[in-house]
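Asks: My structure is stored as final24.txt, with compact mmCIF, C-alpha atoms and all ligand atoms.
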```
# COMPACT_ATOMS: atom_id res chain seq x y z
CA MET A 125 91.89 93.12 185.04
CA SER A 126 89.19 92.98 182.41
CA TRP A 127 87.77 96.30 183.67
CA MET A 128 91.09 97.92 182.80
CA LYS A 129 90.77 96.69 179.24
CA THR A 130 87.22 98.05 179.05
CA VAL A 131 88.31 101.44 180.40
CA LYS A 132 91.25 101.52 177.99
CA SER A 133 89.11 100.73 174.97
CA ARG A 134 86.53 103.37 176.04
CA VAL A 135 89.22 106.02 176.43
CA MET A 136 90.72 105.07 173.05
CA GLY A 137 87.24 105.15 171.50
CA THR A 138 86.56 108.65 172.85
CA MET A 139 89.99 109.89 171.79
CA ALA A 140 89.36 108.59 168.28
CA ASN A 141 86.73 111.33 167.89
CA PHE A 142 89.46 113.92 168.17
CA TYR A 143 91.67 112.87 165.26
CA TRP A 144 91.13 111.87 161.66
CA ASP A 145 91.82 108.39 160.42
CA ILE A 146 93.03 108.83 156.87
CA GLY A 147 93.40 106.23 154.12
CA VAL A 148 95.72 107.08 151.23
CA ASP A 149 96.18 105.47 147.80
CA LEU A 150 99.24 107.19 146.36
CA GLY A 151 99.10 106.08 142.75
CA THR A 152 101.28 107.04 139.80
CA SER A 153 98.26 108.63 138.11
CA ASN A 154 95.78 109.35 140.89
CA THR A 155 95.90 110.17 144.59
CA LEU A 156 92.89 109.19 146.68
CA LEU A 157 92.28 110.14 150.29
CA LEU A 158 89.54 108.78 152.51
CA LEU A 159 88.42 110.02 155.92
CA ASN A 160 86.79 107.81 158.52
CA GLU A 161 83.65 109.93 158.90
CA ARG A 162 83.45 111.35 155.40
CA GLY A 163 84.41 108.77 152.78
CA ILE A 164 86.56 109.73 149.78
CA VAL A 165 87.48 113.41 150.01
CA VAL A 166 90.28 113.65 147.43
CA ASP A 167 90.47 111.94 144.02
CA GLU A 168 92.89 113.92 141.91
CA PRO A 169 95.87 113.34 139.59
CA THR A 170 99.22 112.88 141.39
CA ILE A 171 100.77 115.92 139.75
CA VAL A 172 102.22 119.22 140.96
CA ALA A 173 103.30 122.28 139.03
CA ARG A 174 106.15 124.28 140.58
CA LEU A 175 108.58 127.02 139.76
CA LYS A 176 111.74 125.60 138.21
CA LYS A 177 114.83 125.56 140.36
CA LYS A 178 117.39 128.12 139.25
CA ARG A 179 120.63 126.53 138.12
CA TRP A 180 124.22 127.61 138.90
CA THR A 181 125.28 129.63 135.92
CA GLY A 182 128.07 131.84 137.20
CA LEU A 183 130.15 132.19 140.30
CA SER A 184 127.33 133.27 142.58
CA ALA A 185 124.76 130.77 143.79
CA PRO A 186 121.20 131.45 142.62
CA LYS A 187 118.76 132.65 145.24
CA TRP A 188 116.55 129.67 146.08
CA ALA A 189 113.17 130.62 147.43
CA GLY A 190 112.15 127.06 148.40
CA ASN A 191 109.83 124.61 146.78
CA LYS A 192 107.32 127.07 145.30
CA ILE A 193 104.30 125.09 144.17
CA VAL A 194 101.96 126.75 141.71
CA ALA A 195 99.22 124.13 141.35
CA TYR A 196 98.20 120.69 142.60
CA GLY A 197 96.09 117.86 141.17
CA TYR A 198 93.66 118.68 138.35
CA LYS A 199 94.91 122.26 138.01
CA ALA A 200 98.48 121.00 137.59
CA LYS A 201 97.38 118.34 135.07
CA GLU A 202 95.71 121.04 132.98
CA MET A 203 99.08 122.77 132.78
CA LEU A 204 100.88 119.64 131.54
CA ASN A 205 102.64 120.27 128.21
CA ARG A 206 101.41 123.86 128.08
CA GLU A 207 103.30 125.30 131.03
CA PRO A 208 105.35 128.50 130.73
CA ALA A 209 109.15 128.18 130.65
CA GLN A 210 109.73 128.98 134.35
CA ILE A 211 107.27 126.33 135.55
CA GLU A 212 107.69 122.56 135.53
CA VAL A 213 104.92 119.99 135.92
CA VAL A 214 106.11 116.87 137.74
CA SER A 215 104.67 113.53 138.80
CA PRO A 216 106.10 112.77 142.24
CA ILE A 217 105.40 109.04 141.85
CA LYS A 218 106.71 106.91 138.99
CA ASN A 219 105.91 103.23 138.56
CA GLY A 220 104.33 103.25 142.02
CA ILE A 221 107.38 104.54 143.89
CA ILE A 222 108.54 108.00 144.93
CA SER A 223 110.58 109.76 142.26
CA ASP A 224 110.45 113.33 143.57
CA LEU A 225 110.43 113.52 147.35
CA GLU A 226 110.13 117.30 147.61
CA ALA A 227 107.14 117.44 145.31
CA LEU A 228 105.43 114.56 147.12
CA GLU A 229 105.97 116.19 150.51
CA ALA A 230 104.40 119.37 149.21
CA LEU A 231 101.44 117.47 147.73
CA VAL A 232 100.80 115.42 150.86
CA SER A 233 101.05 118.34 153.27
CA TYR A 234 98.72 120.35 151.02
CA TYR A 235 96.06 117.64 151.17
CA LEU A 236 96.50 117.03 154.89
CA LYS A 237 96.09 120.76 155.51
CA LEU A 238 92.92 120.77 153.40
CA ILE A 239 91.54 117.92 155.49
CA TYR A 240 91.94 119.99 158.64
CA GLU A 241 89.63 122.58 157.15
CA ILE A 242 86.80 120.08 156.82
CA PRO A 243 84.23 120.77 159.54
CA SER A 244 83.58 117.93 161.97
CA ARG A 245 81.45 117.23 165.03
CA TYR A 246 84.45 117.06 167.37
CA PRO A 247 87.48 119.35 167.06
CA LYS A 248 90.41 117.38 165.67
CA ILE A 249 93.04 118.28 168.22
CA PHE A 250 95.30 115.24 167.75
CA LYS A 251 97.45 114.39 164.76
CA PRO A 252 95.90 112.01 162.20
CA ARG A 253 96.63 108.31 161.83
CA VAL A 254 97.26 107.23 158.26
CA ILE A 255 97.00 103.95 156.34
CA VAL A 256 98.96 104.12 153.09
CA SER A 257 98.90 101.64 150.22
CA VAL A 258 102.32 100.68 148.87
CA PRO A 259 103.44 98.40 146.01
CA GLY A 260 104.53 94.88 146.90
CA SER A 261 108.00 95.40 145.46
CA ILE A 262 108.79 98.37 147.71
CA THR A 263 112.20 98.34 149.39
CA ASP A 264 112.89 99.25 153.02
CA VAL A 265 114.46 102.54 151.98
CA GLN A 266 111.37 103.50 149.99
CA LYS A 267 109.13 102.45 152.89
CA ARG A 268 111.03 104.81 155.16
CA ALA A 269 110.68 107.57 152.59
CA VAL A 270 106.89 107.13 152.40
CA LYS A 271 106.63 107.10 156.19
CA SER A 272 108.77 110.20 156.56
CA VAL A 273 106.66 112.09 154.00
CA PHE A 274 103.54 111.56 156.11
CA LEU A 275 105.24 112.08 159.46
CA THR A 276 106.74 115.40 158.35
CA SER A 277 103.32 116.41 157.01
CA GLY A 278 101.83 116.00 160.47
CA ALA A 279 100.70 112.37 160.87
CA SER A 280 101.12 110.69 164.25
CA GLU A 281 101.20 107.10 162.99
CA VAL A 282 101.71 105.66 159.50
CA VAL A 283 100.73 102.11 158.60
CA LEU A 284 101.94 100.79 155.24
CA ILE A 285 99.95 97.98 153.66
CA GLU A 286 100.39 96.32 150.28
CA GLY A 287 97.96 97.59 147.69
CA LEU A 288 96.91 94.09 146.61
CA VAL A 289 95.87 93.17 150.17
CA LEU A 290 93.89 96.41 150.48
CA ALA A 291 92.25 95.73 147.12
CA ALA A 292 91.23 92.24 148.27
CA VAL A 293 89.64 93.76 151.39
CA GLY A 294 88.07 96.52 149.30
CA VAL A 295 86.31 94.15 146.92
CA GLY A 296 85.02 92.13 149.88
CA LEU A 297 87.12 89.01 149.35
CA PRO A 298 88.09 87.03 152.44
CA ALA A 299 91.63 88.41 152.67
CA LYS A 300 92.09 87.08 156.18
CA LYS A 301 90.93 83.53 155.62
CA ASN A 302 93.15 80.81 154.25
CA SER A 303 91.46 80.80 150.87
CA GLY A 304 93.48 82.14 147.96
CA THR A 305 92.30 84.99 145.83
CA MET A 306 94.02 86.29 142.73
CA ILE A 307 94.04 90.06 142.29
CA VAL A 308 95.34 91.88 139.21
CA ASP A 309 95.87 95.63 139.65
CA VAL A 310 96.42 97.52 136.40
CA GLY A 311 97.47 101.06 137.32
CA GLY A 312 98.90 104.02 135.50
CA GLY A 313 102.53 103.18 136.33
CA LYS A 314 102.68 99.50 137.17
CA THR A 315 100.76 96.25 137.04
CA GLU A 316 100.73 93.95 140.04
CA VAL A 317 99.43 90.41 140.31
CA GLY A 318 99.18 88.54 143.57
CA VAL A 319 97.54 85.64 145.32
CA ILE A 320 96.22 86.81 148.69
CA SER A 321 95.70 84.38 151.54
CA MET A 322 95.69 84.73 155.36
CA GLY A 323 95.96 88.52 155.08
CA GLY A 324 99.18 88.52 153.08
CA VAL A 325 100.51 88.07 149.57
CA VAL A 326 101.53 84.44 148.94
CA VAL A 327 103.05 85.01 145.54
CA GLY A 328 103.22 88.47 144.10
CA LYS A 329 104.70 89.85 140.93
CA GLY A 330 104.82 93.23 139.33
CA ILE A 331 105.96 94.85 136.10
CA LYS A 332 106.40 98.41 135.01
CA SER A 333 104.18 97.80 131.99
CA SER A 334 100.85 99.48 132.72
CA SER A 335 98.01 101.54 131.34
CA GLY A 336 100.46 104.45 131.00
CA ASP A 337 102.49 102.30 128.59
CA PHE A 338 99.38 101.78 126.47
CA ASP A 339 99.42 105.57 125.95
CA VAL A 340 103.09 105.49 124.94
CA ALA A 341 102.38 102.59 122.55
CA ILE A 342 99.58 104.64 120.94
CA ILE A 343 101.86 107.68 120.54
CA ASN A 344 104.51 105.51 118.85
CA TYR A 345 101.99 103.78 116.60
CA ILE A 346 100.49 107.08 115.38
CA ARG A 347 103.97 108.49 114.80
CA MET A 348 105.05 105.48 112.74
CA LYS A 349 101.86 105.13 110.73
CA TYR A 350 100.87 108.75 110.09
CA SER A 351 104.11 110.63 110.97
CA LEU A 352 101.97 112.54 113.39
CA LEU A 353 103.19 113.53 116.83
CA ILE A 354 100.43 113.53 119.45
CA GLY A 355 100.57 114.37 123.15
CA GLN A 356 100.01 112.01 126.06
CA THR A 357 96.61 113.48 126.88
CA THR A 358 95.38 112.82 123.33
CA ALA A 359 96.73 109.27 123.44
CA GLU A 360 94.99 108.65 126.77
CA ARG A 361 91.72 110.00 125.37
CA ALA A 362 92.02 107.70 122.34
CA LYS A 363 92.68 104.73 124.65
CA ILE A 364 89.66 105.48 126.84
CA GLU A 365 87.28 106.25 123.97
CA LEU A 366 88.39 103.69 121.37
CA GLY A 367 90.40 101.12 123.32
CA ASN A 368 88.98 97.63 122.88
CA VAL A 369 91.04 94.46 123.14
CA GLY A 370 88.02 92.14 123.03
CA GLU A 371 85.56 91.37 120.25
CA PRO A 372 85.43 94.24 117.71
CA ASN A 373 82.24 96.34 117.77
CA LYS A 374 79.82 95.88 114.87
CA SER A 375 80.11 99.51 113.90
CA LEU A 376 83.77 100.44 114.08
CA LYS A 377 84.36 103.30 116.56
CA GLU A 378 86.37 106.21 115.16
CA MET A 379 87.67 109.56 116.32
CA VAL A 380 89.69 112.46 114.98
CA ILE A 381 92.99 113.25 116.68
CA ARG A 382 95.20 116.26 116.19
CA GLY A 383 98.92 116.70 116.43
CA ARG A 384 102.00 117.94 114.61
CA ASP A 385 102.98 116.58 111.22
CA LEU A 386 106.57 115.42 111.57
CA GLU A 387 107.37 116.07 107.89
CA THR A 388 105.99 119.58 107.52
CA GLY A 389 106.00 120.65 111.18
CA LEU A 390 102.44 121.92 110.73
CA PRO A 391 99.28 120.90 112.60
CA LYS A 392 97.48 117.90 111.12
CA SER A 393 94.47 115.79 112.04
CA VAL A 394 93.73 112.17 111.19
CA LYS A 395 90.83 109.84 111.79
CA ILE A 396 91.72 106.69 113.71
CA ASN A 397 89.60 103.67 114.58
CA GLU A 398 89.46 101.08 117.35
CA ASN A 399 91.29 98.43 115.31
CA GLU A 400 94.33 100.68 115.13
CA ILE A 401 94.28 101.25 118.90
CA ARG A 402 94.00 97.50 119.44
CA GLU A 403 97.00 96.91 117.20
CA ALA A 404 98.94 99.63 119.06
CA VAL A 405 98.35 98.36 122.60
CA MET A 406 98.30 94.61 121.99
CA PHE A 407 102.03 94.12 122.57
CA GLU A 408 101.81 95.75 126.02
CA VAL A 409 98.61 93.85 126.84
CA GLN A 410 100.36 90.58 126.04
CA LYS A 411 103.01 91.46 128.66
CA LEU A 412 100.26 91.70 131.30
CA ILE A 413 98.84 88.36 130.26
CA LYS A 414 102.28 86.78 130.42
CA LEU A 415 102.69 88.14 133.95
CA ILE A 416 99.37 86.58 135.04
CA LYS A 417 100.35 83.24 133.48
CA GLU A 418 103.72 83.27 135.25
CA GLU A 419 101.97 84.02 138.52
CA LEU A 420 99.57 81.11 138.02
CA ASP A 421 102.54 78.91 137.29
CA GLU A 422 104.08 79.74 140.67
CA THR A 423 100.90 79.50 142.72
CA PRO A 424 100.89 76.59 145.20
CA PRO A 425 98.49 73.85 144.04
CA GLU A 426 96.34 74.12 147.21
CA LEU A 427 95.51 77.70 146.37
CA MET A 428 94.90 76.92 142.69
CA ASP A 429 91.66 75.21 143.66
CA ASP A 430 90.40 78.39 145.38
CA ILE A 431 91.41 80.55 142.44
CA LEU A 432 89.54 78.27 140.05
CA LYS A 433 86.47 78.56 142.27
CA ARG A 434 86.64 82.27 142.89
CA GLY A 435 88.24 83.41 139.66
CA ILE A 436 90.55 86.34 138.99
CA VAL A 437 89.53 89.82 140.11
CA MET A 438 90.84 92.85 138.20
CA VAL A 439 91.17 96.24 139.90
CA GLY A 440 92.76 99.61 139.06
CA ASN A 441 91.52 102.11 136.49
CA GLY A 442 93.72 100.53 133.81
CA SER A 443 91.59 97.36 133.99
CA LYS A 444 88.71 99.40 132.54
CA LEU A 445 90.25 98.97 129.08
CA HIS A 446 87.37 97.47 127.15
CA GLY A 447 87.61 93.70 126.70
CA LEU A 448 90.69 93.26 128.92
CA ASP A 449 88.88 91.07 131.47
CA ARG A 450 87.45 88.86 128.71
CA LEU A 451 90.87 88.52 127.10
CA VAL A 452 92.47 87.48 130.41
CA GLU A 453 89.66 84.95 130.88
CA LYS A 454 90.19 83.56 127.39
CA GLU A 455 93.95 83.27 127.79
CA THR A 456 93.99 81.79 131.31
CA LYS A 457 90.72 79.83 131.08
CA ILE A 458 89.83 81.10 134.58
CA THR A 459 86.70 83.16 135.23
CA THR A 460 87.77 86.79 135.35
CA GLN A 461 85.80 89.80 136.44
CA ARG A 462 86.54 93.47 136.81
CA ALA A 463 85.58 94.83 140.23
CA ASP A 464 82.86 97.50 140.39
CA GLU A 465 84.47 100.94 140.64
CA ALA A 466 87.81 99.29 139.86
CA GLY A 467 89.83 102.42 140.63
CA LEU A 468 88.43 102.74 144.16
CA CYS A 469 89.09 99.21 145.48
CA ILE A 470 92.32 100.05 147.31
CA ILE A 471 90.95 103.13 149.02
CA LYS A 472 87.77 101.27 149.96
CA GLY A 473 90.00 98.62 151.55
CA CYS A 474 91.66 101.37 153.65
CA GLY A 475 88.20 102.48 154.76
CA GLN A 476 87.22 98.98 155.83
CA LEU A 477 90.41 98.48 157.81
CA MET A 478 89.75 101.71 159.69
CA GLU A 479 86.36 100.41 160.74
CA ASP A 480 87.69 96.99 161.66
CA ARG A 481 90.76 97.51 163.82
CA TYR A 482 91.10 93.77 164.56
CA LEU A 483 91.39 93.02 160.85
CA LEU A 484 93.90 95.85 160.52
CA GLU A 485 96.04 94.47 163.33
CA SER A 486 95.99 90.93 161.92
CA ILE A 487 96.90 92.14 158.44
CA ARG A 488 99.63 94.32 159.93
CA LEU A 489 101.12 91.31 161.67
CA VAL A 490 101.43 89.53 158.33
CA THR A 491 102.56 92.38 156.12
CA GLY A 492 104.84 93.99 158.74
N1 LIG B 1 87.95 103.95 131.05
C1 LIG B 1 89.25 103.67 130.98
N2 LIG B 1 89.71 102.80 130.05
C2 LIG B 1 91.02 102.52 129.97
N3 LIG B 1 91.97 103.05 130.76
C3 LIG B 1 91.57 103.93 131.71
C4 LIG B 1 90.19 104.29 131.88
N4 LIG B 1 90.10 105.19 132.89
C5 LIG B 1 91.35 105.40 133.34
N5 LIG B 1 92.24 104.65 132.64
C6 LIG B 1 93.70 104.60 132.81
O1 LIG B 1 94.00 104.09 134.09
C7 LIG B 1 95.27 104.58 134.50
C8 LIG B 1 95.21 105.03 135.93
O2 LIG B 1 94.89 103.93 136.73
P1 LIG B 1 94.93 104.05 138.32
O3 LIG B 1 94.23 105.29 138.77
O4 LIG B 1 94.46 102.76 138.87
O5 LIG B 1 96.50 104.20 138.53
P2 LIG B 1 97.28 104.60 139.84
O6 LIG B 1 96.72 103.84 140.99
O7 LIG B 1 97.31 106.07 139.98
O8 LIG B 1 98.74 104.12 139.46
P3 LIG B 1 99.63 102.94 140.04
O9 LIG B 1 98.74 102.03 140.83
O10 LIG B 1 100.20 102.27 138.84
O11 LIG B 1 100.69 103.60 140.84
C9 LIG B 1 95.63 105.74 133.57
O12 LIG B 1 96.67 105.34 132.71
C10 LIG B 1 94.33 105.97 132.79
O13 LIG B 1 94.60 106.38 131.46
MG MG B 2 97.03 102.08 141.92
```
For this file, write the structure as structure tokens.
Replies:
Amino acid sequence: MSWMKTVKSRVMGTMANFYWDIGVDLGTSNTLLLLNERGIVVDEPTIVARLKKKRWTGLSAPKWAGNKIVAYGYKAKEMLNREPAQIEVVSPIKNGIISDLEALEALVSYYLKLIYEIPSRYPKIFKPRVIVSVPGSITDVQKRAVKSVFLTSGASEVVLIEGLVLAAVGVGLPAKKNSGTMIVDVGGGKTEVGVISMGGVVVGKGIKSSSGDFDVAIINYIRMKYSLLIGQTTAERAKIELGNVGEPNKSLKEMVIRGRDLETGLPKSVKINENEIREAVMFEVQKLIKLIKEELDETPPELMDDILKRGIVMVGNGSKLHGLDRLVEKETKITTQRADEAGLCIIKGCGQLMEDRYLLESIRLVTG
């Protein structure tokens, strides 16, 4: 019977040339798509701009022309806070879970259509197979919603895997072996901490506090201190350019930000420095540290030994906040490092699972 297995695997191998294997990291801030033969093909903000739905105003129902999308990704992000009245800019994912199903369906089918325009050696006549990263706290209803979004957009099979497990595979940690690894993923809409062992999450925790909340904290701080109202994009820029929660730099970094004076209503600009940004975000940062400490507290002692040996690995673009890894190390007294290309770890994990189907199957068995 072994010849049957060989024939089957050859047929499957040949068929695999005729469909795309797609990896998807659907984040609150960024959507990443990876193709088996091409690597990362999409890395854009998870944002769409669409025509506003008309509301019922009188006795007759408004004519509804469907979900008319005006822009996706970077183009839509450019429109944020400067869109005309009849257009709305929405983020289909909030805190890692779907908040606007229609918008997400439109976004996903747009990207899947784009993928079919990519030239390839063999014609892609079959529907794609998709691996999607999902948060650990996802409910069964939300899982179904994610699956249905991809199935209606043309996928033949959808495999959902926890982001932390994918990140562990992506950074090259032995996710499958029985040695524990602690991963901290700081995203734009949530922070997740988990100990990964035997291809699954042993203890996992998540909070809504994330890098996006650092932006909100900066907006509030600037409003209180200078009575200046700034936008989210400005706050994010200040966080990326000045943010430092570690040792202060010798020469204090400064930048000028512009906004609206809340007293006069007129435009105003002020110069802010890195100490002010530290003060603004520190409360939110402490929440992340508390989460990591709680997680360590619940970790089984057998795995603690592995974590002490291997240390904590930080992933997600939010972990790029200057000094965050050193602060976590100082507070937990466990070696902490930020992964290279921290924002790409999850999608890289998808790529590795596509190459190694045995690993995918074993992880699937654990995560369900
Ligand atoms: N250099 C940087 N320093 C600090 N923060 C950064 C930097 N670059 C990006 N960020 C922040 O990282 C966040 C996005 O992280 P990431 O792309 O990992 O989130 P996501 O995967 O889309 O969201 P989530 O996983 O929470 O659903 C944004 O809030 C962004 O401002
Ligand atoms: Mg993420």
Asks: Pick the closest to ligand LIG 1 (chain B) from A:Leu451, A:Ile381, A:Ala200, A:Ile222: which is it, counting all atoms listed in the file?
Replies: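 Checking each candidate against ligand LIG 1 (chain B), we get A:Ile222 as the closest.
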Asks: Can I get the residues close to ligand MG 2 (chain B) as a PDB file with C-alpha atoms, keeping the file's coordinate frame, where close means within 10 Å and we count only C-alpha atoms and all ligand atoms?
Replies:
```pdb
ATOM      1  CA  ASP A 149      96.180 105.470 147.800  1.00  0.00           C
ATOM      2  CA  LEU A 150      99.240 107.190 146.360  1.00  0.00           C
ATOM      3  CA  GLY A 151      99.100 106.080 142.750  1.00  0.00           C
ATOM      4  CA  THR A 152     101.280 107.040 139.800  1.00  0.00           C
ATOM      5  CA  SER A 153      98.260 108.630 138.110  1.00  0.00           C
ATOM      6  CA  ASN A 154      95.780 109.350 140.890  1.00  0.00           C
ATOM      7  CA  THR A 155      95.900 110.170 144.590  1.00  0.00           C
ATOM      8  CA  LEU A 156      92.890 109.190 146.680  1.00  0.00           C
ATOM      9  CA  ASN A 219     105.910 103.230 138.560  1.00  0.00           C
ATOM     10  CA  GLY A 220     104.330 103.250 142.020  1.00  0.00           C
ATOM     11  CA  SER A 257      98.900 101.640 150.220  1.00  0.00           C
ATOM     12  CA  VAL A 258     102.320 100.680 148.870  1.00  0.00           C
ATOM     13  CA  PRO A 259     103.440  98.400 146.010  1.00  0.00           C
ATOM     14  CA  GLY A 287      97.960  97.590 147.690  1.00  0.00           C
ATOM     15  CA  LEU A 288      96.910  94.090 146.610  1.00  0.00           C
ATOM     16  CA  ALA A 291      92.250  95.730 147.120  1.00  0.00           C
ATOM     17  CA  ASP A 309      95.870  95.630 139.650  1.00  0.00           C
ATOM     18  CA  VAL A 310      96.420  97.520 136.400  1.00  0.00           C
ATOM     19  CA  GLY A 311      97.470 101.060 137.320  1.00  0.00           C
ATOM     20  CA  GLY A 312      98.900 104.020 135.500  1.00  0.00           C
ATOM     21  CA  GLY A 313     102.530 103.180 136.330  1.00  0.00           C
ATOM     22  CA  LYS A 314     102.680  99.500 137.170  1.00  0.00           C
ATOM     23  CA  THR A 315     100.760  96.250 137.040  1.00  0.00           C
ATOM     24  CA  GLU A 316     100.730  93.950 140.040  1.00  0.00           C
ATOM     25  CA  VAL A 439      91.170  96.240 139.900  1.00  0.00           C
ATOM     26  CA  GLY A 440      92.760  99.610 139.060  1.00  0.00           C
ATOM     27  CA  ASN A 441      91.520 102.110 136.490  1.00  0.00           C
ATOM     28  CA  GLY A 442      93.720 100.530 133.810  1.00  0.00           C
ATOM     29  CA  ALA A 466      87.810  99.290 139.860  1.00  0.00           C
ATOM     30  CA  GLY A 467      89.830 102.420 140.630  1.00  0.00           C
ATOM     31  CA  LEU A 468      88.430 102.740 144.160  1.00  0.00           C
ATOM     32  CA  CYS A 469      89.090  99.210 145.480  1.00  0.00           C
ATOM     33  CA  ILE A 470      92.320 100.050 147.310  1.00  0.00           C
ATOM     34  CA  ILE A 471      90.950 103.130 149.020  1.00  0.00           C
TER      35      ILE A 471
END
```
Asks: In Å, how far is it from atom C2 of ligand LIG 1 (chain B) to CA of Asp421 in chain A?
Replies: 27.3 Å
Asks: Report, in Å to a single decimal, how far apart CA of Phe274 in chain A and CA of Glu479 in chain A are.
Replies: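 A separation of 21.0 Å between them.
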Asks: So which one's closest to ligand LIG 1 (chain B), A:Glu212, A:Glu365, A:Glu485, A:Glu241? Using only C-alpha atoms and all ligand atoms, please.
Replies: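 With only C-alpha atoms and all ligand atoms as the atom set, the closest residue is A:Glu365.
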Asks: What's the 7 Å shell around range 140-146 of chain A, counting all atoms listed in the file, without same-chain residues fewer than 4 positions away, as a list in words?
Replies: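 Residues near the query, excluding close chain neighbours: Met136, Leu157, Leu158, Leu159, Asn160, Tyr246, Pro247, Lys248, Ile249, Phe250, Lys251, Pro252, Arg253, Val254 and Ile255 of chain A.
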Asks: When you look at Thr491 in chain A with a cut-off of 12 Å (counting only C-alpha atoms), what residues show up, excluding the ones that are within fewer than 6 positions of it in the same chain? I need them as a ChimeraX atom specification.
Replies: /A:257-260,283-290,300,320-326,484-485
Asks: Counting all atoms listed in the file, what is within 12 Å of Met406 in chain A, bar same-chain residues fewer than 3 positions away, as a list in words?
Replies: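 Answer for this query is Ser335, Asp337, Phe338, Asp339, Ala341, Ile342, Tyr345, Lys363, Gly367, Asn368, Val369, Gly370, Glu398, Asn399, Glu400, Ile401, Arg402, Glu403, Val409, Gln410, Lys411, Leu412, Ile413, Leu445, Gly447, Leu448 and Leu451 of chain A.
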Asks: What's the separation between atom C3 of ligand LIG 1 (chain B) and CA of Tyr198 in chain A, in Å to one decimal place?
Replies: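 Separation between atom C3 of ligand LIG 1 (chain B) and CA of Tyr198 in chain A: 16.3 Å.
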Asks: In terms of the shortest atom-to-atom distance over only C-alpha atoms, which of A:Val327, A:Met128, A:Ala292, A:Val232 is closest to Lys472 in chain A?
Replies: A:Ala292
Asks: Between A:Leu238, A:Val340, A:Cys474, A:Val490, which has the minimum distance to Gly294 in chain A (counting all atoms listed in the file)?
Replies: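 Between A:Leu238, A:Val340, A:Cys474, A:Val490, the residue approaching Gly294 in chain A most closely is A:Cys474.
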Asks: Report as an MDAnalysis selection string all protein, DNA and RNA residues lying within 12 Å of range 169-176 of chain A, evaluated on all atoms listed in the file, omitting residues in the same chain fewer than 4 positions from it.
Replies: chainID A and resid 148:157 186 188:218 220:232 234:235 312:313
Asks: I'd like the neighbourhood of Lys395 in chain A as number ranges by chain, where a residue qualifies if any of its atoms comes within 9 Å (using all atoms listed in the file), though same-chain residues fewer than 4 positions away should be ignored.
Replies: A: 378-382
